[in-house]
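Here is data.txt, consisting of compact mmCIF, C-alpha atoms and all ligand atoms:
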# COMPACT_ATOMS: atom_id res chain seq x y z
CA MET A 1 15.04 -27.28 -42.62
CA LYS A 2 16.66 -24.92 -40.13
CA VAL A 3 15.55 -21.55 -38.80
CA TYR A 4 17.20 -19.01 -36.56
CA ILE A 5 14.96 -17.33 -34.04
CA HIS A 6 16.31 -14.14 -32.51
CA TYR A 7 15.06 -12.26 -29.50
CA VAL A 8 16.78 -8.88 -29.24
CA GLU A 9 13.99 -6.69 -27.86
CA PRO A 10 15.25 -6.09 -24.29
CA ALA A 11 17.68 -3.24 -23.74
CA ALA A 12 19.93 -5.55 -21.71
CA THR A 13 21.89 -7.75 -24.10
CA SER A 14 22.16 -10.40 -21.39
CA LEU A 15 18.46 -11.07 -22.03
CA HIS A 16 18.95 -11.55 -25.78
CA GLN A 17 18.93 -15.01 -27.27
CA THR A 18 19.31 -16.64 -30.66
CA LEU A 19 18.02 -20.17 -31.06
CA LYS A 20 18.82 -22.39 -34.00
CA ILE A 21 16.06 -24.92 -34.54
CA THR A 22 16.39 -27.89 -36.86
CA LEU A 23 12.83 -28.77 -37.69
CA PRO A 24 11.56 -32.33 -37.74
CA ARG A 25 10.13 -33.05 -41.22
CA LYS A 26 6.53 -33.14 -40.06
CA TRP A 27 6.91 -29.71 -38.46
CA GLU A 28 7.35 -28.20 -41.91
CA ASP A 29 3.69 -29.04 -42.57
CA GLY A 30 2.68 -27.98 -39.07
CA PRO A 31 1.75 -24.61 -37.58
CA ILE A 32 4.26 -21.87 -36.81
CA LYS A 33 3.04 -22.15 -33.22
CA ASN A 34 5.48 -25.09 -32.76
CA LEU A 35 8.42 -22.76 -33.38
CA LEU A 36 7.11 -20.19 -30.91
CA GLU A 37 6.55 -22.80 -28.21
CA THR A 38 10.00 -24.28 -28.71
CA PHE A 39 11.63 -20.88 -28.45
CA VAL A 40 9.64 -19.82 -25.37
CA LYS A 41 10.40 -23.07 -23.52
CA ASN A 42 14.10 -22.85 -24.31
CA TYR A 43 14.29 -19.15 -23.45
CA ASN A 44 12.39 -19.45 -20.16
CA ASP A 45 14.68 -22.30 -19.04
CA LYS A 46 17.68 -20.02 -19.56
CA HIS A 47 16.09 -16.77 -18.35
CA PRO A 48 13.79 -17.59 -15.42
CA GLU A 49 14.14 -13.93 -14.35
CA ASN A 50 12.53 -12.73 -17.62
CA GLU A 51 9.97 -15.33 -18.64
CA LEU A 52 8.13 -14.86 -21.93
CA GLU A 53 4.41 -15.60 -22.30
CA ILE A 54 3.48 -17.24 -25.58
CA ASP A 55 0.35 -15.07 -25.78
CA GLY A 56 2.38 -11.90 -25.29
CA ILE A 57 4.78 -12.30 -28.21
CA ARG A 58 4.68 -12.72 -31.96
CA LEU A 59 7.01 -13.90 -34.68
CA GLU A 60 8.15 -11.74 -37.58
CA THR A 61 10.40 -12.23 -40.58
CA GLU A 62 13.46 -10.12 -41.36
CA MET A 63 11.14 -8.00 -43.52
CA LEU A 64 8.89 -7.37 -40.49
CA GLU A 65 6.13 -9.57 -41.91
CA TYR A 66 3.88 -10.94 -39.22
CA LEU A 67 3.75 -14.73 -38.99
CA SER A 68 0.53 -16.03 -37.49
CA PRO A 69 0.94 -19.02 -35.13
CA SER A 70 -1.74 -20.86 -37.10
CA GLU A 71 -0.02 -20.55 -40.49
CA ILE A 72 1.86 -23.51 -41.96
CA VAL A 73 5.64 -23.31 -41.58
CA LYS A 74 6.66 -24.23 -45.12
CA GLU A 75 4.15 -21.82 -46.64
CA ARG A 76 5.66 -18.78 -44.92
CA ILE A 77 9.20 -19.62 -43.90
CA ASN A 78 12.25 -20.44 -46.00
CA ASP A 79 15.08 -22.75 -45.01
CA ARG A 80 17.70 -20.94 -42.89
CA ALA A 81 15.40 -17.96 -42.38
CA ASP A 82 16.12 -15.44 -39.65
CA LEU A 83 13.00 -14.88 -37.58
CA TYR A 84 12.44 -12.39 -34.79
CA ILE A 85 10.46 -12.58 -31.57
CA LYS A 86 8.61 -9.30 -30.93
CA LEU A 87 6.67 -8.25 -27.87
CA GLY A 88 2.90 -7.93 -28.24
CA ALA A 89 0.62 -10.48 -29.85
CA ARG A 90 -1.59 -9.91 -32.87
CA ALA A 91 -4.93 -11.74 -32.77
CA ASN A 92 -4.71 -13.19 -36.27
CA GLN A 93 -3.78 -12.28 -39.80
CA SER A 94 -7.31 -11.46 -40.94
CA SER A 95 -7.93 -8.92 -38.19
CA THR A 96 -4.63 -7.35 -39.12
CA ALA A 97 -5.84 -7.06 -42.68
CA ARG A 98 -9.08 -5.48 -41.58
CA ASP A 99 -7.22 -2.77 -39.70
CA LEU A 100 -4.98 -1.91 -42.60
CA THR A 101 -5.46 1.41 -44.27
CA ALA A 102 -4.16 2.38 -47.67
CA GLY A 103 -1.17 4.06 -46.07
CA GLY A 104 -0.10 0.97 -44.16
CA LEU A 105 0.30 -1.48 -47.03
CA ALA A 106 3.80 -2.89 -46.93
CA ASN A 107 4.85 -6.49 -47.46
CA THR A 108 1.45 -7.69 -46.36
CA GLY A 109 0.47 -9.52 -49.52
CA ILE A 110 -2.97 -7.92 -49.30
CA ASP A 111 -4.62 -7.01 -52.57
CA GLU A 112 -4.94 -3.28 -53.25
CA LEU A 113 -8.64 -3.91 -53.94
CA ASP A 114 -9.20 -5.19 -50.40
CA ILE A 115 -7.59 -2.35 -48.48
CA VAL A 116 -10.11 -0.70 -46.22
CA ARG A 117 -10.42 3.01 -47.02
CA VAL A 118 -12.53 5.77 -45.52
CA CYS A 119 -14.73 7.75 -47.87
CA LYS A 120 -13.86 11.47 -47.84
CA HIS A 121 -17.04 12.62 -49.54
CA PHE A 122 -18.95 15.23 -47.55
CA GLY A 123 -21.39 13.53 -45.20
CA CYS A 124 -20.33 9.93 -45.96
CA GLN A 125 -17.24 8.82 -43.98
CA LYS A 126 -18.12 5.15 -44.57
CA LYS A 127 -15.44 2.48 -44.84
CA PHE A 128 -15.15 0.79 -48.22
CA THR A 129 -12.87 -1.29 -50.43
CA LEU A 130 -12.29 -0.76 -54.15
CA ARG A 131 -13.54 -4.30 -54.79
CA THR A 132 -17.07 -3.46 -53.64
CA ASN A 133 -17.19 0.24 -54.61
CA PHE A 134 -20.04 0.19 -57.12
CA ASP A 135 -22.15 3.05 -58.47
CA GLY A 136 -24.74 4.08 -55.90
CA GLU A 137 -22.72 2.80 -52.91
CA CYS A 138 -22.05 6.34 -51.70
CA ARG A 139 -24.65 8.88 -50.70
CA TYR A 140 -23.05 12.22 -50.01
CA HIS A 141 -23.31 16.00 -50.17
CA SER A 142 -21.69 17.89 -53.01
CA LYS A 143 -20.65 20.97 -51.03
CA PRO A 144 -19.07 21.65 -47.64
CA PRO A 145 -20.97 21.93 -44.37
CA VAL A 146 -21.75 25.30 -42.84
CA PHE A 147 -21.52 25.94 -39.12
CA HIS A 148 -22.97 29.37 -38.63
CA GLU A 149 -24.14 30.75 -35.29
CA THR A 150 -25.65 27.56 -33.89
CA ALA A 151 -27.11 26.41 -37.19
CA LYS A 152 -25.61 23.48 -39.06
CA TYR A 153 -26.34 22.59 -42.64
CA TRP A 154 -24.77 21.52 -45.93
CA SER A 155 -24.17 24.36 -48.34
CA CYS A 156 -25.64 22.22 -51.13
CA CYS A 157 -28.82 21.72 -49.08
CA PRO A 158 -29.34 25.15 -47.40
CA HIS A 159 -33.05 24.54 -46.84
CA LYS A 160 -32.32 21.72 -44.36
CA LYS A 161 -30.99 23.57 -41.32
CA VAL A 162 -30.60 21.85 -37.97
CA TRP A 163 -29.17 22.92 -34.64
CA ASP A 164 -27.70 19.78 -33.13
CA PHE A 165 -24.97 17.57 -34.47
CA ASP A 166 -26.94 14.30 -34.31
CA SER A 167 -29.60 15.69 -36.63
CA PHE A 168 -26.89 17.18 -38.81
CA VAL A 169 -25.19 13.86 -39.56
CA GLN A 170 -28.58 12.35 -40.38
CA ILE A 171 -29.38 14.79 -43.19
CA PRO A 172 -29.39 12.41 -46.16
CA GLY A 173 -26.93 13.14 -48.93
CA CYS A 174 -28.19 14.85 -52.07
CA CYS A 175 -25.89 12.97 -54.47
CA THR A 176 -25.11 9.32 -55.09
CA GLY A 177 -22.07 7.76 -56.67
CA ARG A 178 -19.00 5.79 -55.68
CA HIS A 179 -17.03 6.27 -52.48
CA SER A 180 -13.73 8.11 -52.77
CA ASP A 181 -10.76 8.42 -50.45
CA GLN A 182 -9.69 11.66 -52.15
CA LYS A 183 -10.46 14.79 -50.17
CA PRO A 184 -12.83 17.16 -52.01
CA ILE A 185 -11.12 20.26 -53.40
CA GLY A 186 -11.58 23.56 -51.58
CA ASN A 187 -12.88 24.51 -48.15
CA GLN A 188 -13.80 21.60 -45.92
CA TYR A 189 -16.36 23.66 -44.05
CA LEU A 190 -17.72 27.18 -44.06
CA GLY A 191 -18.54 29.47 -41.17
CA GLY A 192 -20.37 32.77 -41.12
CA ASN A 193 -17.03 34.56 -41.26
CA GLU A 194 -16.01 32.94 -44.53
CA LEU A 195 -19.35 33.70 -46.09
CA ARG A 196 -19.53 37.25 -44.80
CA GLY A 197 -15.86 38.05 -45.25
CA ASN A 198 -16.08 36.73 -48.72
CA THR A 199 -18.98 38.95 -49.66
CA ALA A 200 -17.54 41.98 -47.91
CA SER A 201 -14.12 41.70 -49.50
CA GLN A 202 -15.50 41.17 -52.96
CA ALA A 203 -18.07 43.93 -52.83
CA LYS A 204 -16.10 46.25 -50.54
CA LEU A 205 -19.29 46.45 -48.51
CA LYS A 206 -19.15 49.23 -45.96
CA THR A 207 -20.15 48.64 -42.38
CA VAL A 208 -23.27 50.34 -41.12
CA ASP A 209 -21.14 52.75 -39.12
CA GLU A 210 -18.90 53.62 -42.04
CA PHE A 211 -21.86 54.05 -44.28
CA ASN A 212 -23.71 56.30 -41.86
CA ALA A 213 -20.62 58.33 -41.06
CA GLU A 214 -20.06 58.95 -44.74
CA GLN A 215 -23.64 60.03 -45.24
CA ASN A 216 -23.71 62.19 -42.08
CA GLY A 217 -26.45 59.98 -40.69
CA THR A 218 -28.94 61.07 -43.31
CA ALA A 219 -28.47 58.13 -45.61
CA GLU A 220 -30.98 55.50 -46.48
CA LYS A 221 -30.19 52.41 -44.40
CA PRO A 222 -28.24 49.69 -46.26
CA LEU A 223 -31.10 47.22 -45.85
CA ASP A 224 -33.54 49.73 -47.36
CA LEU A 225 -31.13 50.21 -50.23
CA LEU A 226 -30.90 46.45 -50.59
CA LYS A 227 -34.67 46.12 -50.66
CA ARG A 228 -34.98 48.78 -53.33
CA ALA A 229 -32.32 47.09 -55.42
CA LEU A 230 -33.97 43.66 -55.06
CA VAL A 231 -37.40 44.99 -55.94
CA THR A 232 -35.85 46.74 -58.94
CA VAL A 233 -34.49 43.42 -60.25
CA GLY A 234 -37.83 41.70 -59.69
CA CYS A 235 -37.83 40.26 -56.15
CA SER A 236 -40.90 40.39 -53.94
CA ALA A 237 -40.93 43.39 -51.60
CA SER A 238 -43.18 41.60 -49.11
CA ASP A 239 -40.92 38.54 -49.00
CA PHE A 240 -38.01 40.82 -48.21
CA ASP A 241 -40.00 42.53 -45.45
CA LYS A 242 -40.99 39.16 -43.95
CA ALA A 243 -37.41 37.93 -44.00
CA ARG A 244 -36.21 41.17 -42.45
CA ALA A 245 -38.88 40.98 -39.73
CA GLU A 246 -37.90 37.39 -38.99
CA LEU A 247 -34.24 38.33 -38.64
CA ASN A 248 -35.12 41.36 -36.51
CA LYS A 249 -36.91 38.97 -34.16
CA ARG A 250 -33.84 36.72 -33.98
CA PHE A 251 -31.41 39.61 -33.55
CA PRO A 252 -33.34 42.41 -31.81
CA ASP A 253 -31.67 45.82 -32.14
CA ASN A 254 -28.73 44.29 -33.96
CA GLU A 255 -28.81 45.54 -37.50
CA LYS A 256 -25.25 44.38 -38.15
CA GLU A 257 -26.21 40.79 -37.42
CA VAL A 258 -29.34 41.09 -39.57
CA MET A 259 -27.19 42.33 -42.44
CA ALA A 260 -24.72 39.53 -41.85
CA GLU A 261 -27.53 36.98 -42.12
CA PHE A 262 -28.70 38.52 -45.37
CA ALA A 263 -25.12 38.40 -46.62
CA THR A 264 -24.90 34.71 -45.75
CA GLU A 265 -28.14 33.86 -47.49
CA PHE A 266 -27.30 35.86 -50.60
CA SER A 267 -23.86 34.28 -50.69
CA PHE A 268 -25.55 30.90 -51.00
CA GLY A 269 -27.75 32.19 -53.76
CA LEU A 270 -24.70 33.44 -55.63
CA HIS A 271 -22.80 30.20 -55.12
CA ASN A 272 -25.76 28.23 -56.37
CA VAL A 273 -25.43 30.20 -59.60
CA ILE A 274 -21.64 29.82 -59.73
CA GLY A 275 -21.88 26.06 -59.20
CA THR A 276 -22.55 25.21 -62.84
CA THR A 277 -21.99 21.48 -62.40
CA GLY A 278 -25.53 20.87 -61.21
CA GLY A 279 -24.60 19.93 -57.67
CA THR A 280 -22.51 16.89 -58.49
CA GLY A 281 -19.12 18.51 -58.98
CA PRO A 282 -16.60 19.65 -56.40
CA PRO A 283 -17.67 22.45 -54.06
CA PRO A 284 -16.95 26.01 -55.13
CA VAL A 285 -13.57 27.23 -53.95
CA LEU A 286 -14.29 30.26 -51.84
CA PRO A 287 -11.49 32.80 -51.62
CA THR A 288 -10.49 33.47 -48.03
CA SER A 289 -10.28 37.08 -47.05
ZN ZN A 301 -26.44 18.23 -50.04
ZN ZN A 302 -18.89 7.61 -49.60
Translate the structure of the given file into structure tokens.
Ligand SMILES: [Zn+2]
Ligand SMILES: [Zn+2]
Amino acid sequence: MKVYIHYVEPAATSLHQTLKITLPRKWEDGPIKNLLETFVKNYNDKHPENELEIDGIRLETEMLEYLSPSEIVKERINDRADLYIKLGARANQSSTARDLTAGGLANTGIDELDIVRVCKHFGCQKKFTLRTNFDGECRYHSKPPVFHETAKYWSCCPHKKVWDFDSFVQIPGCCTGRHSDQKPIGNQYLGGNELRGNTASQAKLKTVDEFNAEQNGTAEKPLDLLKRALVTVGCSASDFDKARAELNKRFPDNEKEVMAEFATEFSFGLHNVIGTTGGTGPPPVLPTS
């Protein structure tokens, strides 16, 4: 058995070398390391000005397949194969496999089922393989996160608001299922602007200033109108007053911000109604304004 080992990495062709090795029979059952060592010794004798370190190079086939020094020659290499010395070692074949993502599968001989993928479900982000992706492996949120003012929460779990990121990532998912490397459809996160803009553009909500200007300053305030409307459809007047008082405390003398908060909260209420899949389907696709 013969192999041709080429080293053509340096820019200067004077540093290139091709070595033809005729393997002793017993080397065919031995490790590929023997080929590397033979090449390095031969090369360094001829190029003392550019010595190669065996730990700093690797061997690849014509098809750019990595050949681990510990693999058996006859299991990986054909007679009269052209092999290439590349700079940079790879620890071993199994660590290479571990680092592979679905996008990097090419001539590796690794089973599709064993490719490491990253779950794209909201709030999961765990690594998984198809081989071990059973029901219940994934705990995730069904709808996108909301980053509004300094609050952070999942739009499927609006009652669990937190203010720092560490607590945010610890909010347990509200759904279980299998991991998926497909990105959920629709917005990947929502901010106050999306929620507010959304409501405003759909309802053509006037700003406080516009509203007052139109009414010559004599109009009932929008929040009073809102309260009347809510009470008319059956909501609790005192709950509304408490919520309004709470928001007035958080945003003193800032009626616009209080209205914006109401808009955000009502948007969630509306989206809870729109989401007819019971919280396990894709998040609602919010139109951007
Ligand atoms: Zn959730
Ligand atoms: Zn997952």
>> Rounded to one decimal, what separation in Å do you get between atom CA of A:Glu9 and atom CA of A:Asp29?
In response: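 Here the two named atoms are 28.7 Å from each other.
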>> Taking 5 positions as the minimum chain separation for residues in the same chain, which residues sit within 6 Å of stretch 67-70 of chain A when counting all atoms listed in the file? Answer as a VMD selection string.
In response: chain A and resid 31 to 33 59 to 60
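Around A:Leu23, within 10 Å and counting only C-alpha atoms, the residues found are Met1, Lys2, Val3, Trp27, Glu28, Asn34, Leu35, Val73 and Asp79 of chain A, once anything fewer than 4 positions away on its own chain is removed.
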> Within 12 Å of ligand ZN 302 (chain A), counting all atoms listed in the file: which residues, as an MDAnalysis selection string?
Replying inline: chainID A and resid 117:130 132:142 173 175:184
>> How would you report the residues lying within 12 Å of ligand ZN 301 (chain A), as a PyMOL selection string, if you count all atoms listed in the file?
In response: chain A and resi 121-124+139-146+153-161+168-176+272+278-283
>> Would you pick out the contacts of A:Glu62 at 12 Å or less, using only C-alpha atoms, so that residues sharing its chain but fewer than 2 positions from it are not included, and give the list as a VMD selection string?
In response: chain A and resid 3 to 6 59 to 60 64 to 67 77 to 78 80 to 86 107
> What does the distance from atom CA of A:Lys227 to atom CA of A:Phe240 come to in Å, to one decimal?
Replying inline: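 According to the coordinates, atom CA of A:Lys227 and atom CA of A:Phe240 are separated by 6.7 Å.
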> What does the distance from atom CA of A:Gly88 to atom CA of A:Arg58 come to in Å, to one decimal?
Replying inline: 6.3 Å
Just need the box for stretch 166-182 of chain A, edges along x, y and z, holding every atom the file lists for it with 4 Å tacked onto each side, so centre and edge lengths in Å to one decimal, as AutoDock Vina command-line options.
--center_x -19.6 --center_y 11.5 --center_z -45.5 --size_x 27.9 --size_y 19.4 --size_z 30.4
> Using only C-alpha atoms, which of A:Lys46, A:Phe39, A:Val231, A:Phe268 sits nearest A:Ser14?
Replying inline: A:Lys46
> Between A:Lys249, A:Pro222, A:Lys41, A:Tyr189, which has the minimum distance to A:Ala263 (counting all atoms listed in the file)?
Replying inline: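 Among the listed residues, A:Pro222 lies closest to A:Ala263.
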>> Which residue is closest to A:Pro10? Choose from A:Thr22, A:Asn50, A:Thr61, A:Asn187 and count all atoms listed in the file.
In response: A:Asn50
Can I get N, CA and C atoms for stretch 6-44 of chain A, as a PDB file, in the first residue's frame?
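Everything below was put into selection-v3.pdb:
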ATOM      1  N   HIS A   6       0.852  15.263   0.987  1.00  0.00           N
ATOM      2  CA  HIS A   6       1.211  16.582   0.450  1.00  0.00           C
ATOM      3  C   HIS A   6       1.154  17.629   1.552  1.00  0.00           C
ATOM      4  N   TYR A   7       2.105  18.542   1.491  1.00  0.00           N
ATOM      5  CA  TYR A   7       2.053  19.696   2.386  1.00  0.00           C
ATOM      6  C   TYR A   7       2.190  20.937   1.513  1.00  0.00           C
ATOM      7  N   VAL A   8       1.085  21.641   1.324  1.00  0.00           N
ATOM      8  CA  VAL A   8       1.088  22.787   0.402  1.00  0.00           C
ATOM      9  C   VAL A   8       0.511  24.027   1.083  1.00  0.00           C
ATOM     10  N   GLU A   9       0.544  24.040   2.424  1.00  0.00           N
ATOM     11  CA  GLU A   9      -0.044  25.161   3.155  1.00  0.00           C
ATOM     12  C   GLU A   9       0.758  26.464   3.048  1.00  0.00           C
ATOM     13  N   PRO A  10       2.102  26.419   3.148  1.00  0.00           N
ATOM     14  CA  PRO A  10       2.832  27.699   3.140  1.00  0.00           C
ATOM     15  C   PRO A  10       2.663  28.440   1.816  1.00  0.00           C
ATOM     16  N   ALA A  11       2.716  29.766   1.890  1.00  0.00           N
ATOM     17  CA  ALA A  11       2.620  30.567   0.671  1.00  0.00           C
ATOM     18  C   ALA A  11       3.834  30.312  -0.221  1.00  0.00           C
ATOM     19  N   ALA A  12       4.996  30.132   0.398  1.00  0.00           N
ATOM     20  CA  ALA A  12       6.223  29.910  -0.384  1.00  0.00           C
ATOM     21  C   ALA A  12       6.277  28.461  -0.866  1.00  0.00           C
ATOM     22  N   THR A  13       6.305  28.287  -2.191  1.00  0.00           N
ATOM     23  CA  THR A  13       6.285  26.918  -2.725  1.00  0.00           C
ATOM     24  C   THR A  13       7.566  26.161  -2.382  1.00  0.00           C
ATOM     25  N   SER A  14       8.625  26.888  -2.042  1.00  0.00           N
ATOM     26  CA  SER A  14       9.864  26.201  -1.661  1.00  0.00           C
ATOM     27  C   SER A  14       9.676  25.406  -0.369  1.00  0.00           C
ATOM     28  N   LEU A  15       8.640  25.735   0.386  1.00  0.00           N
ATOM     29  CA  LEU A  15       8.374  25.018   1.642  1.00  0.00           C
ATOM     30  C   LEU A  15       7.371  23.879   1.449  1.00  0.00           C
ATOM     31  N   HIS A  16       6.873  23.717   0.225  1.00  0.00           N
ATOM     32  CA  HIS A  16       5.943  22.613  -0.038  1.00  0.00           C
ATOM     33  C   HIS A  16       6.714  21.301  -0.132  1.00  0.00           C
ATOM     34  N   GLN A  17       6.010  20.208   0.142  1.00  0.00           N
ATOM     35  CA  GLN A  17       6.633  18.904  -0.045  1.00  0.00           C
ATOM     36  C   GLN A  17       5.566  17.850  -0.288  1.00  0.00           C
ATOM     37  N   THR A  18       5.881  16.913  -1.169  1.00  0.00           N
ATOM     38  CA  THR A  18       5.047  15.725  -1.334  1.00  0.00           C
ATOM     39  C   THR A  18       5.915  14.515  -1.027  1.00  0.00           C
ATOM     40  N   LEU A  19       5.389  13.651  -0.168  1.00  0.00           N
ATOM     41  CA  LEU A  19       6.152  12.462   0.220  1.00  0.00           C
ATOM     42  C   LEU A  19       5.358  11.222  -0.156  1.00  0.00           C
ATOM     43  N   LYS A  20       6.001  10.352  -0.910  1.00  0.00           N
ATOM     44  CA  LYS A  20       5.370   9.068  -1.226  1.00  0.00           C
ATOM     45  C   LYS A  20       5.856   8.055  -0.202  1.00  0.00           C
ATOM     46  N   ILE A  21       4.911   7.439   0.498  1.00  0.00           N
ATOM     47  CA  ILE A  21       5.297   6.453   1.511  1.00  0.00           C
ATOM     48  C   ILE A  21       4.770   5.083   1.092  1.00  0.00           C
ATOM     49  N   THR A  22       5.649   4.119   1.016  1.00  0.00           N
ATOM     50  CA  THR A  22       5.218   2.735   0.822  1.00  0.00           C
ATOM     51  C   THR A  22       5.160   2.089   2.201  1.00  0.00           C
ATOM     52  N   LEU A  23       3.940   1.712   2.582  1.00  0.00           N
ATOM     53  CA  LEU A  23       3.752   1.274   3.961  1.00  0.00           C
ATOM     54  C   LEU A  23       4.179  -0.174   4.169  1.00  0.00           C
ATOM     55  N   PRO A  24       4.939  -0.434   5.237  1.00  0.00           N
ATOM     56  CA  PRO A  24       5.142  -1.825   5.630  1.00  0.00           C
ATOM     57  C   PRO A  24       3.779  -2.458   5.934  1.00  0.00           C
ATOM     58  N   ARG A  25       3.623  -3.724   5.661  1.00  0.00           N
ATOM     59  CA  ARG A  25       2.343  -4.428   5.847  1.00  0.00           C
ATOM     60  C   ARG A  25       1.704  -4.149   7.205  1.00  0.00           C
ATOM     61  N   LYS A  26       2.548  -4.271   8.255  1.00  0.00           N
ATOM     62  CA  LYS A  26       1.962  -4.142   9.601  1.00  0.00           C
ATOM     63  C   LYS A  26       1.486  -2.713   9.886  1.00  0.00           C
ATOM     64  N   TRP A  27       1.982  -1.743   9.131  1.00  0.00           N
ATOM     65  CA  TRP A  27       1.502  -0.368   9.323  1.00  0.00           C
ATOM     66  C   TRP A  27       0.045  -0.209   8.885  1.00  0.00           C
ATOM     67  N   GLU A  28      -0.391  -1.073   7.977  1.00  0.00           N
ATOM     68  CA  GLU A  28      -1.781  -0.960   7.509  1.00  0.00           C
ATOM     69  C   GLU A  28      -2.771  -1.224   8.643  1.00  0.00           C
ATOM     70  N   ASP A  29      -2.334  -2.036   9.622  1.00  0.00           N
ATOM     71  CA  ASP A  29      -3.177  -2.294  10.790  1.00  0.00           C
ATOM     72  C   ASP A  29      -2.824  -1.364  11.950  1.00  0.00           C
ATOM     73  N   GLY A  30      -1.887  -0.474  11.719  1.00  0.00           N
ATOM     74  CA  GLY A  30      -1.437   0.420  12.791  1.00  0.00           C
ATOM     75  C   GLY A  30      -2.117   1.777  12.707  1.00  0.00           C
ATOM     76  N   PRO A  31      -1.782   2.661  13.645  1.00  0.00           N
ATOM     77  CA  PRO A  31      -2.424   3.978  13.690  1.00  0.00           C
ATOM     78  C   PRO A  31      -1.894   4.930  12.614  1.00  0.00           C
ATOM     79  N   ILE A  32      -2.731   5.864  12.238  1.00  0.00           N
ATOM     80  CA  ILE A  32      -2.372   6.875  11.240  1.00  0.00           C
ATOM     81  C   ILE A  32      -1.203   7.738  11.730  1.00  0.00           C
ATOM     82  N   LYS A  33      -1.037   7.762  13.043  1.00  0.00           N
ATOM     83  CA  LYS A  33       0.077   8.499  13.655  1.00  0.00           C
ATOM     84  C   LYS A  33       1.421   8.166  12.994  1.00  0.00           C
ATOM     85  N   ASN A  34       1.621   6.888  12.605  1.00  0.00           N
ATOM     86  CA  ASN A  34       2.881   6.482  11.963  1.00  0.00           C
ATOM     87  C   ASN A  34       3.146   7.288  10.698  1.00  0.00           C
ATOM     88  N   LEU A  35       2.078   7.554   9.936  1.00  0.00           N
ATOM     89  CA  LEU A  35       2.245   8.315   8.690  1.00  0.00           C
ATOM     90  C   LEU A  35       2.652   9.754   8.999  1.00  0.00           C
ATOM     91  N   LEU A  36       1.976  10.327  10.005  1.00  0.00           N
ATOM     92  CA  LEU A  36       2.283  11.707  10.396  1.00  0.00           C
ATOM     93  C   LEU A  36       3.741  11.828  10.839  1.00  0.00           C
ATOM     94  N   GLU A  37       4.163  10.891  11.684  1.00  0.00           N
ATOM     95  CA  GLU A  37       5.529  10.954  12.219  1.00  0.00           C
ATOM     96  C   GLU A  37       6.559  10.816  11.105  1.00  0.00           C
ATOM     97  N   THR A  38       6.277   9.911  10.168  1.00  0.00           N
ATOM     98  CA  THR A  38       7.201   9.704   9.057  1.00  0.00           C
ATOM     99  C   THR A  38       7.331  10.978   8.224  1.00  0.00           C
ATOM    100  N   PHE A  39       6.162  11.596   7.961  1.00  0.00           N
ATOM    101  CA  PHE A  39       6.189  12.807   7.152  1.00  0.00           C
ATOM    102  C   PHE A  39       6.943  13.925   7.873  1.00  0.00           C
ATOM    103  N   VAL A  40       6.637  14.116   9.166  1.00  0.00           N
ATOM    104  CA  VAL A  40       7.251  15.219   9.915  1.00  0.00           C
ATOM    105  C   VAL A  40       8.768  15.046   9.970  1.00  0.00           C
ATOM    106  N   LYS A  41       9.224  13.814  10.213  1.00  0.00           N
ATOM    107  CA  LYS A  41      10.669  13.571  10.311  1.00  0.00           C
ATOM    108  C   LYS A  41      11.344  13.891   8.973  1.00  0.00           C
ATOM    109  N   ASN A  42      10.744  13.382   7.904  1.00  0.00           N
ATOM    110  CA  ASN A  42      11.296  13.602   6.569  1.00  0.00           C
ATOM    111  C   ASN A  42      11.308  15.088   6.217  1.00  0.00           C
ATOM    112  N   TYR A  43      10.191  15.755   6.508  1.00  0.00           N
ATOM    113  CA  TYR A  43      10.063  17.176   6.169  1.00  0.00           C
ATOM    114  C   TYR A  43      11.069  18.019   6.957  1.00  0.00           C
ATOM    115  N   ASN A  44      11.170  17.756   8.264  1.00  0.00           N
ATOM    116  CA  ASN A  44      12.044  18.574   9.107  1.00  0.00           C
ATOM    117  C   ASN A  44      13.519  18.394   8.734  1.00  0.00           C
TER     118      ASN A  44
END
